[in-house]
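Some notes on the structure that comes next.
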Amino acid sequence: MTSGQKPRAFRITPEPAAEPSVITTPLAARPPQARIVDEPFEIVDAADGVAVPVAPRSRSPWGTLFLSAVGGLVSLGVGLSVERMIADLFQAAPWLGWVALALLGLAALALLAIVVRELAGLRRERKIERLRQSALDALATRDHTGAQAVVQALSTFYADRDTLSAGRARIDAAADAILDVDDRIGLAEHELLAGLDRQARNAIATTAKQVSAVTALSPRAIVDVAFVVFAAVRLLRRIAAIYGGRPGFLGFLRLGRAALAHLTVTGGMAVGESVMQQVLGLGIAARVSAKLGEGVLNGLMTARFGLAALNVCRPLPFVREAPPRLADVAGELLRSAEAEPKS
């Protein structure tokens with residue numbers, strides 16, 4: 001600025017703001033986003049009809065490897081012992097050796113039949129489990145095609161039961177008229193499983209009453225424990241047979257483990273407040289002796305196990321049919337308790 005020139009002020013006029021522009025980024029150019037993947041859950045139907053999520057358990061391979069190795073060693077030892085015994089019998093008397101070989105052949109044939117029976121029972125149990133899981137998936141995803149496949153597989157599964165032929169015919173007649181997934185599976189449940197549910201419920205109530213009566217009258221606790229275990233084993237086999245399962249020894253152990261796990265999840269293993277409230281609400285404590293009340297509690301816990309076994313053995317979840325509850329057999333136990341003479 002030259003000398004003698006007065007300073008001047010300048011006003012800076014802001015330019016009009018540009019309209020905001022939307023910048024779009026192609027989908028392929030976007031940075032990858034983190035996704036949270038939940039661990040898979042197994043859905044277990046509780047005995048009161050509430051689905052309970054069970055987190056999967058990780059299994060260590062070392063236990064299986066140990067059992068396999070020990071089983072192999074035991075098999076080798078037994079095989080060598082049998083071979084030496086047959087050789088000694090041939091040396092002592094040839095006819096004894098041939099008799100031993102014949103007995104060994106019969107034992108091998110019986111073992112083969114047992115293995116085939118066990119595999120067939122396991123295969124049938126897994127088929128029931130796949131049917132139940134497929135039905136749950138179809139209901140969750142509203143998959144109409146999957147529901148049709150489940151209903152068709154269930155009809156095929158019970159194709160050898162003449163008492164369900166009318167139900168299968170009604171399902172086939174209404175196949176094209178049903179569009180809802182719940183209605184389709186609910187119809188199959190009503191036509192094919194409603195009668196089986198009644199049989200299973202009657203079996204549970206009968207066994208619970210037997211356990212209640214025997215444990216109320218038995219003088220020793222060891223008799224109570226033995227009869228409760230025997231009744232639970234027989235009830236589990238009966239329910240499995242009602243729904244089409246034919247478990248062998250391994251299949252029975254698998255079903256028993258699943259039923260006990262179901263009981264643990266639903267809180268039925270402990271004789272807790274809920275069972276006590278149901279028993280006291282029926283007025284048992286005021287009308288019967290302590291021993292008879294203990295028998296009724298044992299019967300209620302047997303019924304709880306039976307309900308868990310029903311949910312494990314049933315090939316479909318409860319959709320339209322009402323699931324049986326513990327209160328359905330509590331009234332029967334009360335009437336049986338009142339029929340017994342007071343001590």
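In the structure tokens, each chain is lettered A, B, ... as it comes, each chain's residues begin at 1, and ligands are numbered from 1 in order of appearance.
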Apply DSSP to the structure's backbone, then extract all residues of stretch 54-164 of chain A labelled alpha helix (DSSP H) and return them as JSON, numbers by chain.
-> {"A": [61, 62, 63, 64, 65, 66, 67, 68, 69, 70, 71, 72, 73, 74, 75, 76, 77, 78, 79, 80, 81, 82, 83, 84, 85, 86, 87, 88, 89, 90, 91, 92, 94, 95, 96, 97, 98, 99, 100, 101, 102, 103, 104, 105, 106, 107, 108, 109, 110, 111, 112, 113, 114, 115, 116, 117, 118, 119, 120, 121, 122, 123, 124, 125, 126, 127, 128, 129, 130, 131, 132, 133, 134, 135, 136, 137, 138, 139, 140, 141, 144, 145, 146, 147, 148, 149, 150, 151, 152, 153, 154, 155, 156, 157]}
*Sel. of strand (DSSP E) residues, stretch 33-262 of chain A, as number ranges by chain*: A: 42-45, 51-54
Keeping only all heavy atoms, take the residues you just selected and write them out as a CSV table (one decimal), in the first residue's frame.
chain,number,residue,atom,x,y,z
A,42,GLU,N,-29.6,-76.3,19.5
A,42,GLU,CA,-30.5,-77.4,19.4
A,42,GLU,C,-31.8,-77.0,20.1
A,42,GLU,O,-31.8,-76.6,21.2
A,42,GLU,CB,-29.9,-78.6,20.0
A,42,GLU,CG,-30.8,-79.8,19.9
A,42,GLU,CD,-30.3,-81.0,20.7
A,42,GLU,OE1,-29.2,-80.9,21.2
A,42,GLU,OE2,-30.9,-82.0,20.7
A,43,ILE,N,-32.9,-77.2,19.4
A,43,ILE,CA,-34.2,-76.8,20.0
A,43,ILE,C,-34.8,-78.1,20.6
A,43,ILE,O,-35.0,-79.1,20.0
A,43,ILE,CB,-35.2,-76.2,19.0
A,43,ILE,CG1,-34.5,-75.0,18.4
A,43,ILE,CG2,-36.5,-75.9,19.6
A,43,ILE,CD1,-34.3,-73.9,19.3
A,44,VAL,N,-35.0,-78.0,21.9
A,44,VAL,CA,-35.6,-79.1,22.6
A,44,VAL,C,-37.0,-78.7,23.1
A,44,VAL,O,-37.2,-77.7,23.7
A,44,VAL,CB,-34.8,-79.5,23.9
A,44,VAL,CG1,-35.4,-80.7,24.6
A,44,VAL,CG2,-33.4,-79.9,23.4
A,45,ASP,N,-38.0,-79.4,22.7
A,45,ASP,CA,-39.4,-79.1,23.1
A,45,ASP,C,-39.6,-79.5,24.6
A,45,ASP,O,-39.5,-80.7,24.9
A,45,ASP,CB,-40.4,-79.8,22.3
A,45,ASP,CG,-40.4,-79.3,20.9
A,45,ASP,OD1,-40.1,-78.1,20.7
A,45,ASP,OD2,-40.8,-80.0,20.0
A,51,ALA,N,-40.3,-74.2,23.8
A,51,ALA,CA,-39.0,-74.5,23.2
A,51,ALA,C,-37.9,-74.0,24.0
A,51,ALA,O,-37.8,-72.8,24.3
A,51,ALA,CB,-39.0,-74.0,21.8
A,52,VAL,N,-36.9,-74.9,24.3
A,52,VAL,CA,-35.8,-74.5,25.1
A,52,VAL,C,-34.5,-74.6,24.3
A,52,VAL,O,-34.2,-75.7,23.8
A,52,VAL,CB,-35.7,-75.4,26.4
A,52,VAL,CG1,-34.5,-75.0,27.2
A,52,VAL,CG2,-36.9,-75.3,27.2
A,53,PRO,N,-33.7,-73.6,24.1
A,53,PRO,CA,-32.5,-73.7,23.3
A,53,PRO,C,-31.4,-74.3,24.2
A,53,PRO,O,-31.2,-73.9,25.4
A,53,PRO,CB,-32.1,-72.2,23.0
A,53,PRO,CG,-32.8,-71.4,24.1
A,53,PRO,CD,-34.0,-72.2,24.5
A,54,VAL,N,-30.7,-75.2,23.6
A,54,VAL,CA,-29.6,-75.9,24.3
A,54,VAL,C,-28.3,-75.7,23.5
A,54,VAL,O,-28.3,-76.0,22.3
A,54,VAL,CB,-29.9,-77.4,24.5
A,54,VAL,CG1,-28.8,-78.1,25.2
A,54,VAL,CG2,-31.2,-77.6,25.1
Set out as a tab-separated table a contact list for stretch 115-137 of chain A and stretch 307-312 of chain A with a cut-off of 10 Å, giving each residue of stretch 115-137 of chain A that qualifies its closest atom pair and distance in Å to one decimal, counting only C-alpha atoms, ordered by chain and rising residue number.
residue	atom	partner	partner_atom	distance
A:Glu125	CA	A:Val312	CA	9.8
A:Ile128	CA	A:Val312	CA	9.3
A:Glu129	CA	A:Val312	CA	8.3
A:Arg132	CA	A:Val312	CA	9.4
Can you write just those residues out, N, CA and C atoms, as a PDB file, in the first residue's frame?
ATOM      1  N   GLU A 125     -34.399 -94.532  14.911  1.00  0.00           N
ATOM      2  CA  GLU A 125     -34.401 -93.389  15.823  1.00  0.00           C
ATOM      3  C   GLU A 125     -33.909 -92.122  15.124  1.00  0.00           C
ATOM      4  N   ILE A 128     -36.587 -90.657  12.990  1.00  0.00           N
ATOM      5  CA  ILE A 128     -37.555 -89.886  13.770  1.00  0.00           C
ATOM      6  C   ILE A 128     -36.986 -88.518  14.131  1.00  0.00           C
ATOM      7  N   GLU A 129     -35.723 -88.476  14.511  1.00  0.00           N
ATOM      8  CA  GLU A 129     -35.097 -87.195  14.854  1.00  0.00           C
ATOM      9  C   GLU A 129     -35.021 -86.276  13.638  1.00  0.00           C
ATOM     10  N   ARG A 132     -38.478 -84.777  13.008  1.00  0.00           N
ATOM     11  CA  ARG A 132     -38.802 -83.704  13.943  1.00  0.00           C
ATOM     12  C   ARG A 132     -38.008 -82.431  13.622  1.00  0.00           C
TER      13      ARG A 132
END
Set the distance at 10 Å and use only C-alpha atoms: which residues neighbour stretch 200-210 of chain A once local chain neighbours fewer than 5 positions away are removed? I'd like the list as a VMD selection string. chain A and resid 194 to 195 215 to 216 227 to 228 231 to 232 234 to 236 238 to 243 295 to 307 309 to 310 314 323 to 326 328 to 337
Can you pull out the residues contacting stretch 160-177 of chain A? Cut-off 12 Å, using only C-alpha atoms, and skip same-chain residues under 5 positions away; I want them as a list of chain:residue names.
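The residues satisfying every condition are A:His144, A:Thr145, A:Ala147, A:Gln148, A:Ala149, A:Val151, A:Gln152, A:Ala153, A:Leu154, A:Ser155, A:Asp183, A:Arg184, A:Ile185, A:Gly186, A:Leu187, A:Ala188, A:Glu189, A:His190, A:Glu191, A:Leu192, A:Leu193, A:Ala194, A:Gly195, A:Leu196, A:Ile242, A:Tyr243, A:Gly244.
Atom to atom, atom CA of A:Arg254 and atom CA of A:Arg126 stand 10.5 Å apart.
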- request: Write out as a list in words the residues lying within 12 Å of stretch 96-107 of chain A, counting only C-alpha atoms and excluding same-chain residues fewer than 4 positions away.
  value: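 The residues that qualify are Gly79, Val82, Glu83, Arg84, Met85, Ile86, Ala87, Asp88, Leu89, Phe90, Gln91, Ala92, Leu111, Leu112, Ala113 and Ile114 of chain A.
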